[in-house]
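A.B. asks: I'd like to ask some things about the structure below.
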Amino acid sequence: MPKQTANYGRRWYAIHTYSGYEDNVSEALHQRIETMDMHEKIFDVLVPKEKKIKIKNGKRKTTEEKIFPGYVLVEMIVTDDSWYVVRNTPNVTGFIGTGTVPTPIAPEEIEALLKRTRVGEPETTLDVEKGSIVKINDGPFKNFEGKVSAIDEQRGKIKVLVNMFGRETPVELDFLQVQKV
């Protein structure tokens with residue numbers, strides 16, 4: 001492990017893990033920091049996640065998704081022993097960098113990423129107005145087009161007039177179920 005990396009001081013690094021093991025690696029690293037007394041060199045471990053809204057069976061559901069599947073971020077000072085602790089954590093395949101030298105992540109990238117993970121509930125907005133034509137992309141009226149008759153920003157709902165059997169039928173949908181035509 002080349003010594004020049006220690007000159008960077010306390011920085012964030014990305015480590016590659018087996019996909020699906022990011023949380024296990026994070027937990028294992030936290031335990032190893034404790035048992036191997038690495039508090040002075042390994043400061044934080046992060047699996048960056050963000051909240052997303054999905055529609056399942058017509059219901060809104062907020063889920064957390066990993067921003068970088070297969071990666072865990074570690075804030076640390078890279079020395080021979082701290083590098084060894086991280087590198088030899090089960091399910092870690094290596095540091096991101098050139099050859100054996102871990103490359104620190106740019107501070108502005110980390111700042112933007114941390115901001116993204118701290119966002120509360122994701123916002124859903126729809127760039128349509130009354131009278132706009134939208135295409136329904138989910139639910140029983142999927143692939144139908146209709147005209148917007150009302151928009152309820154607070155509830156994230158939209159009323160669309162769908163032409164069925166020769167007449168316009170009002171259908172209430174979630175913002176996520178339609179797209180602007």
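A note on labels: chains of the structure tokens are A, B, ... as shown, every chain counts residues from 1, and ligands are counted from 1 in their shown order.
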Could you list, with a cut-off of 12 Å and counting only C-alpha atoms, the residues of stretch 31-65 of chain A near stretch 87-107 of chain A, each shown with its nearest atom pair and the distance in Å rounded to one decimal, rows sorted by chain and ascending number, as JSON lines?
C.D. replies:
```
{"residue": "A:Gln31", "atom": "CA", "partner": "A:Thr89", "partner_atom": "CA", "distance": 10.1}
{"residue": "A:Arg32", "atom": "CA", "partner": "A:Thr89", "partner_atom": "CA", "distance": 8.1}
{"residue": "A:Ile33", "atom": "CA", "partner": "A:Thr89", "partner_atom": "CA", "distance": 10.6}
{"residue": "A:Met36", "atom": "CA", "partner": "A:Thr89", "partner_atom": "CA", "distance": 12.0}
```
A.B. asks: Excluding A:Met38 and its own-chain neighbours fewer than 4 positions away, which residues fall within 10 Å of it when counting only C-alpha atoms? Please give them as a list in words.
C.D. replies: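 In the requested format, the answer is His30, Arg32, Ile33, Glu34, Ile42, Phe43, Met76, Asp81, Ser82 and Val85 of chain A.
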A.B. asks: For those residues, write N, CA and C atoms to a file as a PDB file, in the first residue's frame.
C.D. replies:
```pdb
ATOM      1  N   HIS A  30     -18.314  -0.970  10.741  1.00  0.00           N
ATOM      2  CA  HIS A  30     -18.572  -0.307  12.024  1.00  0.00           C
ATOM      3  C   HIS A  30     -18.079  -1.182  13.184  1.00  0.00           C
ATOM      4  N   ARG A  32     -15.733  -3.539  13.018  1.00  0.00           N
ATOM      5  CA  ARG A  32     -14.269  -3.634  12.964  1.00  0.00           C
ATOM      6  C   ARG A  32     -13.608  -2.358  13.507  1.00  0.00           C
ATOM      7  N   ILE A  33     -14.230  -1.204  13.258  1.00  0.00           N
ATOM      8  CA  ILE A  33     -13.697   0.060  13.791  1.00  0.00           C
ATOM      9  C   ILE A  33     -13.679  -0.025  15.321  1.00  0.00           C
ATOM     10  N   GLU A  34     -14.782  -0.585  15.883  1.00  0.00           N
ATOM     11  CA  GLU A  34     -14.871  -0.747  17.346  1.00  0.00           C
ATOM     12  C   GLU A  34     -13.817  -1.742  17.856  1.00  0.00           C
ATOM     13  N   ILE A  42     -10.534   5.736  10.926  1.00  0.00           N
ATOM     14  CA  ILE A  42     -11.738   5.499  10.120  1.00  0.00           C
ATOM     15  C   ILE A  42     -12.890   6.175  10.864  1.00  0.00           C
ATOM     16  N   PHE A  43     -13.471   7.198  10.224  1.00  0.00           N
ATOM     17  CA  PHE A  43     -14.420   8.068  10.919  1.00  0.00           C
ATOM     18  C   PHE A  43     -15.882   7.771  10.610  1.00  0.00           C
ATOM     19  N   MET A  76     -11.921   8.350   5.973  1.00  0.00           N
ATOM     20  CA  MET A  76     -10.788   7.793   6.702  1.00  0.00           C
ATOM     21  C   MET A  76      -9.483   8.481   6.332  1.00  0.00           C
ATOM     22  N   ASP A  81      -2.417   0.268   8.196  1.00  0.00           N
ATOM     23  CA  ASP A  81      -3.342  -0.512   9.016  1.00  0.00           C
ATOM     24  C   ASP A  81      -4.811  -0.188   8.728  1.00  0.00           C
ATOM     25  N   SER A  82      -5.163   1.093   8.480  1.00  0.00           N
ATOM     26  CA  SER A  82      -6.571   1.409   8.189  1.00  0.00           C
ATOM     27  C   SER A  82      -6.963   0.816   6.824  1.00  0.00           C
ATOM     28  N   VAL A  85      -7.612  -2.885   7.327  1.00  0.00           N
ATOM     29  CA  VAL A  85      -8.894  -3.151   8.007  1.00  0.00           C
ATOM     30  C   VAL A  85     -10.048  -3.090   7.012  1.00  0.00           C
TER      31      VAL A  85
END
```
A.B. asks: Just want the 12 Å neighbourhood of A:Met164, counted on only C-alpha atoms, with same-chain residues fewer than 6 positions away dropped. Output as a count of residues only.
C.D. replies: 6
A.B. asks: Report as a list of chain:residue names all protein, DNA and RNA residues lying within 12 Å of A:Glu108, evaluated on only C-alpha atoms, omitting residues in the same chain fewer than 6 positions from it.
C.D. replies: A:Arg11, A:Trp12, A:Leu114, A:Lys115
A.B. asks: Save out the residues we just selected, C-alpha atoms, as a PDB file, in the first residue's frame.
C.D. replies:
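The new file out-v7.pdb reads:
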```pdb
ATOM      1  CA  ARG A  11     -10.932  12.136   3.081  1.00  0.00           C
ATOM      2  CA  TRP A  12     -13.803  10.082   1.680  1.00  0.00           C
ATOM      3  CA  LEU A 114     -24.692  14.027   1.314  1.00  0.00           C
ATOM      4  CA  LYS A 115     -27.245  16.710   0.406  1.00  0.00           C
TER       5      LYS A 115
END
```
A.B. asks: Figure out the distance between atom CA of A:Thr62 and atom CA of A:Val74, please, to one decimal in Å.
C.D. replies: 26.6 Å
A.B. asks: Residues of stretch 37-177 of chain A classed as helix (DSSP H, G or I) by DSSP on the backbone are to be reported as a list in words.
C.D. replies: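 Helix (DSSP H, G or I) assignments inside stretch 37-177 of chain A correspond to Asp80, Asp81, Ser82, Trp83, Tyr84, Val85, Val86, Arg87, Pro107, Glu108, Glu109, Ile110, Glu111, Ala112, Leu113, Leu114, Lys115, Arg116, Thr117, Arg118, Phe175, Leu176 and Gln177 of chain A.
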A.B. asks: Show which residues sit within 12 Å of A:Ser149, as a count of residues only. Count only C-alpha atoms, and ignore same-chain residues fewer than 5 positions away.
C.D. replies: 19
A.B. asks: I'd like the interatomic distance between atom CA of A:Lys61 and atom CA of A:Ile110, to a tenth of an Å.
C.D. replies: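 Separation between atom CA of A:Lys61 and atom CA of A:Ile110: 27.8 Å.
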A.B. asks: Determine which residues of chain A DSSP labels as strand (DSSP E or B) from the backbone of this structure, then write them out as JSON, numbers by chain.
C.D. replies: {"A": [11, 12, 13, 14, 15, 16, 17, 42, 43, 44, 45, 46, 49, 50, 51, 52, 53, 54, 55, 56, 59, 60, 61, 62, 63, 64, 65, 66, 71, 72, 73, 74, 75, 76, 92, 93, 94, 95, 97, 98, 101, 102, 104, 133, 134, 135, 136, 145, 146, 147, 148, 149, 150, 151, 152, 157, 158, 159, 160, 161, 162, 163, 164, 167, 168, 169, 170, 171, 172, 173, 174, 178, 179, 180]}
A.B. asks: Looking at only C-alpha atoms, which of A:Arg118, A:Val181, A:Lys135, A:Pro69 is the one that sits closest to A:Tyr18?
C.D. replies: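 Closest to A:Tyr18 of all the choices is A:Pro69.
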A.B. asks: To one decimal place, how far is atom CA of A:Val148 from atom CA of A:Ile136 in Å?
C.D. replies: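 For atom CA of A:Val148 relative to atom CA of A:Ile136, the distance reads 11.1 Å.
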A.B. asks: Mind checking which residues fall within 8 Å of A:Arg10, counting only C-alpha atoms, ignoring those fewer than 5 positions away in the same chain, and posting them as a list of chain:residue names?
C.D. replies: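 Result of the neighbour search: A:Lys41, A:Glu75, A:Met76, A:Ile77, A:Val78.
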